[in-house]
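Engineer: Sharing run_12.pdb here; it has PDB, C-alpha atoms.
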```pdb
ATOM      1  CA  MET A   1      25.162 101.737-174.602
ATOM      2  CA  LYS A   2      23.451  99.780-171.844
ATOM      3  CA  VAL A   3      19.691  99.824-171.280
ATOM      4  CA  LYS A   4      17.398  97.962-168.905
ATOM      5  CA  ILE A   5      14.428  96.222-170.482
ATOM      6  CA  PHE A   6      11.346  95.023-168.621
ATOM      7  CA  TYR A   7       8.801  92.596-170.082
ATOM      8  CA  PHE A   8       5.275  92.370-168.670
ATOM      9  CA  ALA A   9       2.237  90.104-168.976
ATOM     10  CA  LYS A  10       2.008  88.174-172.285
ATOM     11  CA  VAL A  11       5.384  89.512-173.436
ATOM     12  CA  ARG A  12       7.036  88.048-170.328
ATOM     13  CA  GLU A  13       5.166  84.751-170.751
ATOM     14  CA  VAL A  14       6.229  84.301-174.375
ATOM     15  CA  LEU A  15       9.862  85.290-173.820
ATOM     16  CA  GLY A  16      10.300  83.552-170.472
ATOM     17  CA  ILE A  17      12.095  86.489-168.842
ATOM     18  CA  ASP A  18      10.892  89.537-166.962
ATOM     19  CA  LYS A  19      13.890  91.874-167.210
ATOM     20  CA  GLU A  20      17.416  92.187-168.483
ATOM     21  CA  GLU A  21      20.199  94.679-168.974
ATOM     22  CA  ILE A  22      21.718  94.632-172.441
ATOM     23  CA  ASP A  23      24.347  96.468-174.395
ATOM     24  CA  ILE A  24      22.992  97.793-177.688
ATOM     25  CA  GLY A  25      24.934  99.167-180.613
ATOM     26  CA  GLY A  26      25.090 102.786-181.669
ATOM     27  CA  ASP A  27      22.706 102.139-184.546
ATOM     28  CA  VAL A  28      19.883 101.496-182.035
ATOM     29  CA  ARG A  29      18.562 104.990-181.404
ATOM     30  CA  THR A  30      14.797 104.634-181.107
ATOM     31  CA  VAL A  31      12.352 102.167-179.594
ATOM     32  CA  ALA A  32      11.630 100.969-183.148
ATOM     33  CA  ASP A  33      15.343 100.263-183.650
ATOM     34  CA  LEU A  34      15.392  98.333-180.373
ATOM     35  CA  ILE A  35      12.408  96.248-181.479
ATOM     36  CA  GLU A  36      14.229  95.337-184.695
ATOM     37  CA  PHE A  37      17.361  94.502-182.688
ATOM     38  CA  LEU A  38      15.378  92.200-180.376
ATOM     39  CA  LYS A  39      13.680  90.385-183.283
ATOM     40  CA  TYR A  40      17.030  88.895-184.277
ATOM     41  CA  ARG A  41      17.183  86.873-181.062
ATOM     42  CA  GLY A  42      14.967  84.079-182.364
ATOM     43  CA  SER A  43      11.493  82.869-183.147
ATOM     44  CA  GLN A  44       9.689  83.860-179.909
ATOM     45  CA  TRP A  45      11.210  87.316-180.195
ATOM     46  CA  GLN A  46      10.033  87.609-183.801
ATOM     47  CA  VAL A  47       6.535  86.515-182.801
ATOM     48  CA  ILE A  48       6.101  88.938-179.908
ATOM     49  CA  PHE A  49       7.862  91.903-181.510
ATOM     50  CA  GLY A  50       6.303  91.182-184.898
ATOM     51  CA  MET A  51       3.117  92.356-183.210
ATOM     52  CA  SER A  52       4.736  95.642-182.194
ATOM     53  CA  SER A  53       1.680  97.581-183.355
ATOM     54  CA  SER A  54      -0.247  95.847-180.567
ATOM     55  CA  LEU A  55       2.402  96.447-177.891
ATOM     56  CA  ARG A  56       2.715  99.402-175.569
ATOM     57  CA  MET A  57       6.100 100.817-174.676
ATOM     58  CA  ALA A  58       7.367 103.003-171.878
ATOM     59  CA  VAL A  59      10.728 104.671-171.453
ATOM     60  CA  ASN A  60      11.607 105.675-167.913
ATOM     61  CA  GLN A  61       8.006 104.964-166.884
ATOM     62  CA  GLU A  62       6.407 107.253-169.487
ATOM     63  CA  LEU A  63       4.347 105.861-172.355
ATOM     64  CA  VAL A  64       6.036 106.487-175.690
ATOM     65  CA  GLU A  65       5.676 105.777-179.389
ATOM     66  CA  VAL A  66       8.149 103.663-181.360
ATOM     67  CA  SER A  67       9.808 106.816-182.686
ATOM     68  CA  HIS A  68      10.941 107.816-179.171
ATOM     69  CA  MET A  69      14.709 108.240-178.842
ATOM     70  CA  ILE A  70      16.487 106.103-176.255
ATOM     71  CA  SER A  71      19.642 106.895-174.311
ATOM     72  CA  ALA A  72      22.154 105.026-172.197
ATOM     73  CA  ASN A  73      20.743 103.753-168.894
ATOM     74  CA  ASP A  74      17.118 104.164-169.993
ATOM     75  CA  GLU A  75      14.558 101.730-168.609
ATOM     76  CA  ILE A  76      12.356 100.435-171.405
ATOM     77  CA  ALA A  77       9.212  98.389-170.795
ATOM     78  CA  PHE A  78       7.126  96.352-173.224
ATOM     79  CA  PHE A  79       3.599  95.198-172.399
ATOM     80  CA  PRO A  80       0.254  94.477-174.080
ATOM     81  CA  PRO A  81      -2.347  97.263-174.271
ATOM     82  CA  ILE A  82      -4.275  95.851-171.308
ATOM     83  CA  THR A  83      -2.481  94.297-168.366
ATOM     84  CA  GLY A  84      -3.913  92.840-165.218
ATOM     85  CA  GLY A  85      -2.805  93.521-161.662
TER      86      GLY A  85
END
```
What is this file in structure tokens?
Structural biologist:
Amino acid sequence: MKVKIFYFAKVREVLGIDKEEIDIGGDVRTVADLIEFLKYRGSQWQVIFGMSSSLRMAVNQELVEVSHMISANDEIAFFPPITGG
């Protein structure tokens, strides 16, 4: 299943990318599952997503909790609690 992921503010700075489209396995069903999936990419990913309790998430431009279910073609965004313009 393909999803689009957007990274904002400090998340973007740490990871060095602002967006990507990835194919995730069928075992990734929630935002929490996606966070765990992304942590396996390396040390910066572990650092930024290890602080998932201090990240905000949105799916299709609506704020969600980590338990939110994701579907194919969803747009998922990760950003700190306070972002500047």
Engineer: For Gly16 in chain A, which of A:Ser67, A:Ser53, A:Asn73, A:Gln44 is the closest residue, counting only C-alpha atoms?
Structural biologist: A:Gln44
Engineer: Tell me, as a list of chain:residue names, which residues lie within 12 Å of Phe37 in chain A, counting all atoms listed in the file; anything in the same chain fewer than 4 positions away does not count.
Structural biologist: A:Ile22, A:Asp23, A:Ile24, A:Gly25, A:Gly26, A:Asp27, A:Val28, A:Arg29, A:Thr30, A:Val31, A:Ala32, A:Asp33, A:Arg41, A:Gly42, A:Trp45, A:Gln46, A:Phe49, A:Gly50
Engineer: Could you check which of A:Lys19, A:Lys10, A:Lys4, A:Arg56 is closest to Pro81 in chain A, using all atoms listed in the file?
Structural biologist: A:Arg56
Engineer: Do a neighbour search on Ile17 in chain A at 12 Å with all atoms listed in the file, toss out local chain neighbours closer than 4 positions, and write the hits as a ChimeraX atom specification.
Structural biologist: /A:5-13,21,44-45,78
Engineer: My list of candidates is A:Met69, A:Ile82, A:Asp74, A:Ser52. Which is closest to Leu38 in chain A when distances are computed with only C-alpha atoms?
Structural biologist: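 For Leu38 in chain A, the nearest of the candidates is A:Ser52.
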Engineer: Residues around (8.3, 100.4, -168.6), cut-off 8 Å, counting only C-alpha atoms - what are they as a short mmCIF file (atom, residue, chain, number, x, y, z; two decimals) with C-alpha atoms, in the frame of the given file?
Structural biologist:
```
data_model
loop_
_atom_site.label_atom_id
_atom_site.label_comp_id
_atom_site.auth_asym_id
_atom_site.auth_seq_id
_atom_site.Cartn_x
_atom_site.Cartn_y
_atom_site.Cartn_z
CA ILE A 5 14.43 96.22 -170.48
CA PHE A 6 11.35 95.02 -168.62
CA TYR A 7 8.80 92.60 -170.08
CA MET A 57 6.10 100.82 -174.68
CA ALA A 58 7.37 103.00 -171.88
CA VAL A 59 10.73 104.67 -171.45
CA ASN A 60 11.61 105.68 -167.91
CA GLN A 61 8.01 104.96 -166.88
CA GLU A 62 6.41 107.25 -169.49
CA LEU A 63 4.35 105.86 -172.36
CA GLU A 75 14.56 101.73 -168.61
CA ILE A 76 12.36 100.44 -171.40
CA ALA A 77 9.21 98.39 -170.80
CA PHE A 78 7.13 96.35 -173.22
CA PHE A 79 3.60 95.20 -172.40
#
```
Engineer: Please measure the separation of CA of Glu20 in chain A and CA of Lys2 in chain A, giving the value in Å to one decimal.
Structural biologist: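 Distance between the two atoms: 10.3 Å.
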Engineer: If the box runs along x, y and z of the file and leaves 3 Å on each side of range 22-33 of chain A, what are its centre and edge lengths in Å, one decimal, as AutoDock Vina command-line options?
Structural biologist:
```
--center_x 18.4 --center_y 99.8 --center_z -178.5 --size_x 19.5 --size_y 16.4 --size_z 18.1
```
Engineer: Could you tell me which of A:Leu15, A:Val47, A:Leu34, A:Leu55 comes closest to Ser71 in chain A if we count only C-alpha atoms?
Structural biologist: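 Looking only at the distances to Ser71 in chain A, the closest residue turns out to be A:Leu34.
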Engineer: Which one of A:Val3, A:Ile48, A:Val64, A:Ala72 sits closest to Glu36 in chain A if you count only C-alpha atoms?
Structural biologist: A:Ile48
Engineer: Starting from the structure just given, write a file holding chain A with C-alpha atoms, as a PDB file, in the first residue's frame.
Structural biologist:
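Everything below was put into decode.pdb:
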```
ATOM      1  CA  MET A   1       0.000   0.000   0.000  1.00  0.00           C
ATOM      2  CA  LYS A   2       1.395   3.388  -0.969  1.00  0.00           C
ATOM      3  CA  VAL A   3       1.151   6.460   1.259  1.00  0.00           C
ATOM      4  CA  LYS A   4       2.504   9.988   0.977  1.00  0.00           C
ATOM      5  CA  ILE A   5       4.413  11.283   3.980  1.00  0.00           C
ATOM      6  CA  PHE A   6       5.184  14.931   4.683  1.00  0.00           C
ATOM      7  CA  TYR A   7       7.760  16.098   7.234  1.00  0.00           C
ATOM      8  CA  PHE A   8       7.639  19.620   8.670  1.00  0.00           C
ATOM      9  CA  ALA A   9       9.841  21.905  10.763  1.00  0.00           C
ATOM     10  CA  LYS A  10      12.315  20.081  13.059  1.00  0.00           C
ATOM     11  CA  VAL A  11      11.292  16.687  11.663  1.00  0.00           C
ATOM     12  CA  ARG A  12      12.231  17.837   8.151  1.00  0.00           C
ATOM     13  CA  GLU A  13      15.500  19.354   9.402  1.00  0.00           C
ATOM     14  CA  VAL A  14      16.608  16.179  11.178  1.00  0.00           C
ATOM     15  CA  LEU A  15      15.635  13.818   8.356  1.00  0.00           C
ATOM     16  CA  GLY A  16      16.769  16.040   5.493  1.00  0.00           C
ATOM     17  CA  ILE A  17      13.641  15.453   3.401  1.00  0.00           C
ATOM     18  CA  ASP A  18      10.279  17.168   3.237  1.00  0.00           C
ATOM     19  CA  LYS A  19       8.103  14.521   1.571  1.00  0.00           C
ATOM     20  CA  GLU A  20       8.114  11.082   0.046  1.00  0.00           C
ATOM     21  CA  GLU A  21       5.823   8.401  -1.280  1.00  0.00           C
ATOM     22  CA  ILE A  22       6.519   4.950   0.110  1.00  0.00           C
ATOM     23  CA  ASP A  23       5.127   1.472  -0.143  1.00  0.00           C
ATOM     24  CA  ILE A  24       4.365   0.003   3.276  1.00  0.00           C
ATOM     25  CA  GLY A  25       3.580  -3.582   4.141  1.00  0.00           C
ATOM     26  CA  GLY A  26       0.208  -4.929   5.168  1.00  0.00           C
ATOM     27  CA  ASP A  27       1.285  -5.098   8.800  1.00  0.00           C
ATOM     28  CA  VAL A  28       1.401  -1.270   8.922  1.00  0.00           C
ATOM     29  CA  ARG A  29      -2.184  -0.387   9.772  1.00  0.00           C
ATOM     30  CA  THR A  30      -1.987   2.561  12.151  1.00  0.00           C
ATOM     31  CA  VAL A  31       0.108   5.695  12.521  1.00  0.00           C
ATOM     32  CA  ALA A  32       1.893   3.952  15.412  1.00  0.00           C
ATOM     33  CA  ASP A  33       2.775   1.051  13.101  1.00  0.00           C
ATOM     34  CA  LEU A  34       4.101   3.530  10.539  1.00  0.00           C
ATOM     35  CA  ILE A  35       6.266   5.205  13.180  1.00  0.00           C
ATOM     36  CA  GLU A  36       7.777   1.832  14.090  1.00  0.00           C
ATOM     37  CA  PHE A  37       8.331   1.080  10.393  1.00  0.00           C
ATOM     38  CA  LEU A  38      10.136   4.407   9.892  1.00  0.00           C
ATOM     39  CA  LYS A  39      12.387   3.892  12.941  1.00  0.00           C
ATOM     40  CA  TYR A  40      14.118   1.026  11.147  1.00  0.00           C
ATOM     41  CA  ARG A  41      15.547   3.401   8.547  1.00  0.00           C
ATOM     42  CA  GLY A  42      18.465   4.493  10.715  1.00  0.00           C
ATOM     43  CA  SER A  43      19.700   6.616  13.564  1.00  0.00           C
ATOM     44  CA  GLN A  44      18.107   9.981  12.636  1.00  0.00           C
ATOM     45  CA  TRP A  45      14.798   8.207  12.148  1.00  0.00           C
ATOM     46  CA  GLN A  46      15.111   6.542  15.555  1.00  0.00           C
ATOM     47  CA  VAL A  47      15.918   9.885  17.171  1.00  0.00           C
ATOM     48  CA  ILE A  48      13.014  11.830  15.684  1.00  0.00           C
ATOM     49  CA  PHE A  49      10.425   9.053  15.908  1.00  0.00           C
ATOM     50  CA  GLY A  50      11.687   7.956  19.319  1.00  0.00           C
ATOM     51  CA  MET A  51      10.149  11.224  20.471  1.00  0.00           C
ATOM     52  CA  SER A  52       6.782  10.294  18.975  1.00  0.00           C
ATOM     53  CA  SER A  53       4.995  11.413  22.138  1.00  0.00           C
ATOM     54  CA  SER A  54       6.159  14.944  21.322  1.00  0.00           C
ATOM     55  CA  LEU A  55       5.170  14.792  17.643  1.00  0.00           C
ATOM     56  CA  ARG A  56       1.862  15.737  16.097  1.00  0.00           C
ATOM     57  CA  MET A  57       0.404  13.725  13.255  1.00  0.00           C
ATOM     58  CA  ALA A  58      -2.205  14.421  10.623  1.00  0.00           C
ATOM     59  CA  VAL A  59      -3.830  12.070   8.156  1.00  0.00           C
ATOM     60  CA  ASN A  60      -5.416  13.718   5.144  1.00  0.00           C
ATOM     61  CA  GLN A  61      -4.995  17.101   6.852  1.00  0.00           C
ATOM     62  CA  GLU A  62      -6.833  16.141  10.056  1.00  0.00           C
ATOM     63  CA  LEU A  63      -5.015  15.852  13.376  1.00  0.00           C
ATOM     64  CA  VAL A  64      -4.999  12.274  14.625  1.00  0.00           C
ATOM     65  CA  GLU A  65      -3.660  10.103  17.420  1.00  0.00           C
ATOM     66  CA  VAL A  66      -1.167   7.284  16.864  1.00  0.00           C
ATOM     67  CA  SER A  67      -3.992   4.743  16.984  1.00  0.00           C
ATOM     68  CA  HIS A  68      -5.563   6.194  13.811  1.00  0.00           C
ATOM     69  CA  MET A  69      -5.936   3.662  10.995  1.00  0.00           C
ATOM     70  CA  ILE A  70      -4.240   4.461   7.693  1.00  0.00           C
ATOM     71  CA  SER A  71      -5.276   3.420   4.199  1.00  0.00           C
ATOM     72  CA  ALA A  72      -3.740   3.332   0.749  1.00  0.00           C
ATOM     73  CA  ASN A  73      -3.106   6.781  -0.742  1.00  0.00           C
ATOM     74  CA  ASP A  74      -3.415   8.566   2.609  1.00  0.00           C
ATOM     75  CA  GLU A  75      -1.332  11.689   3.154  1.00  0.00           C
ATOM     76  CA  ILE A  76       0.374  11.537   6.532  1.00  0.00           C
ATOM     77  CA  ALA A  77       2.196  14.495   8.074  1.00  0.00           C
ATOM     78  CA  PHE A  78       4.571  14.616  11.031  1.00  0.00           C
ATOM     79  CA  PHE A  79       5.466  17.868  12.784  1.00  0.00           C
ATOM     80  CA  PRO A  80       6.381  19.215  16.231  1.00  0.00           C
ATOM     81  CA  PRO A  81       3.603  20.551  18.480  1.00  0.00           C
ATOM     82  CA  ILE A  82       4.420  24.157  17.576  1.00  0.00           C
ATOM     83  CA  THR A  83       5.480  25.106  14.074  1.00  0.00           C
ATOM     84  CA  GLY A  84       6.322  28.490  12.687  1.00  0.00           C
ATOM     85  CA  GLY A  85       5.057  30.032   9.468  1.00  0.00           C
TER      86      GLY A  85
END
```
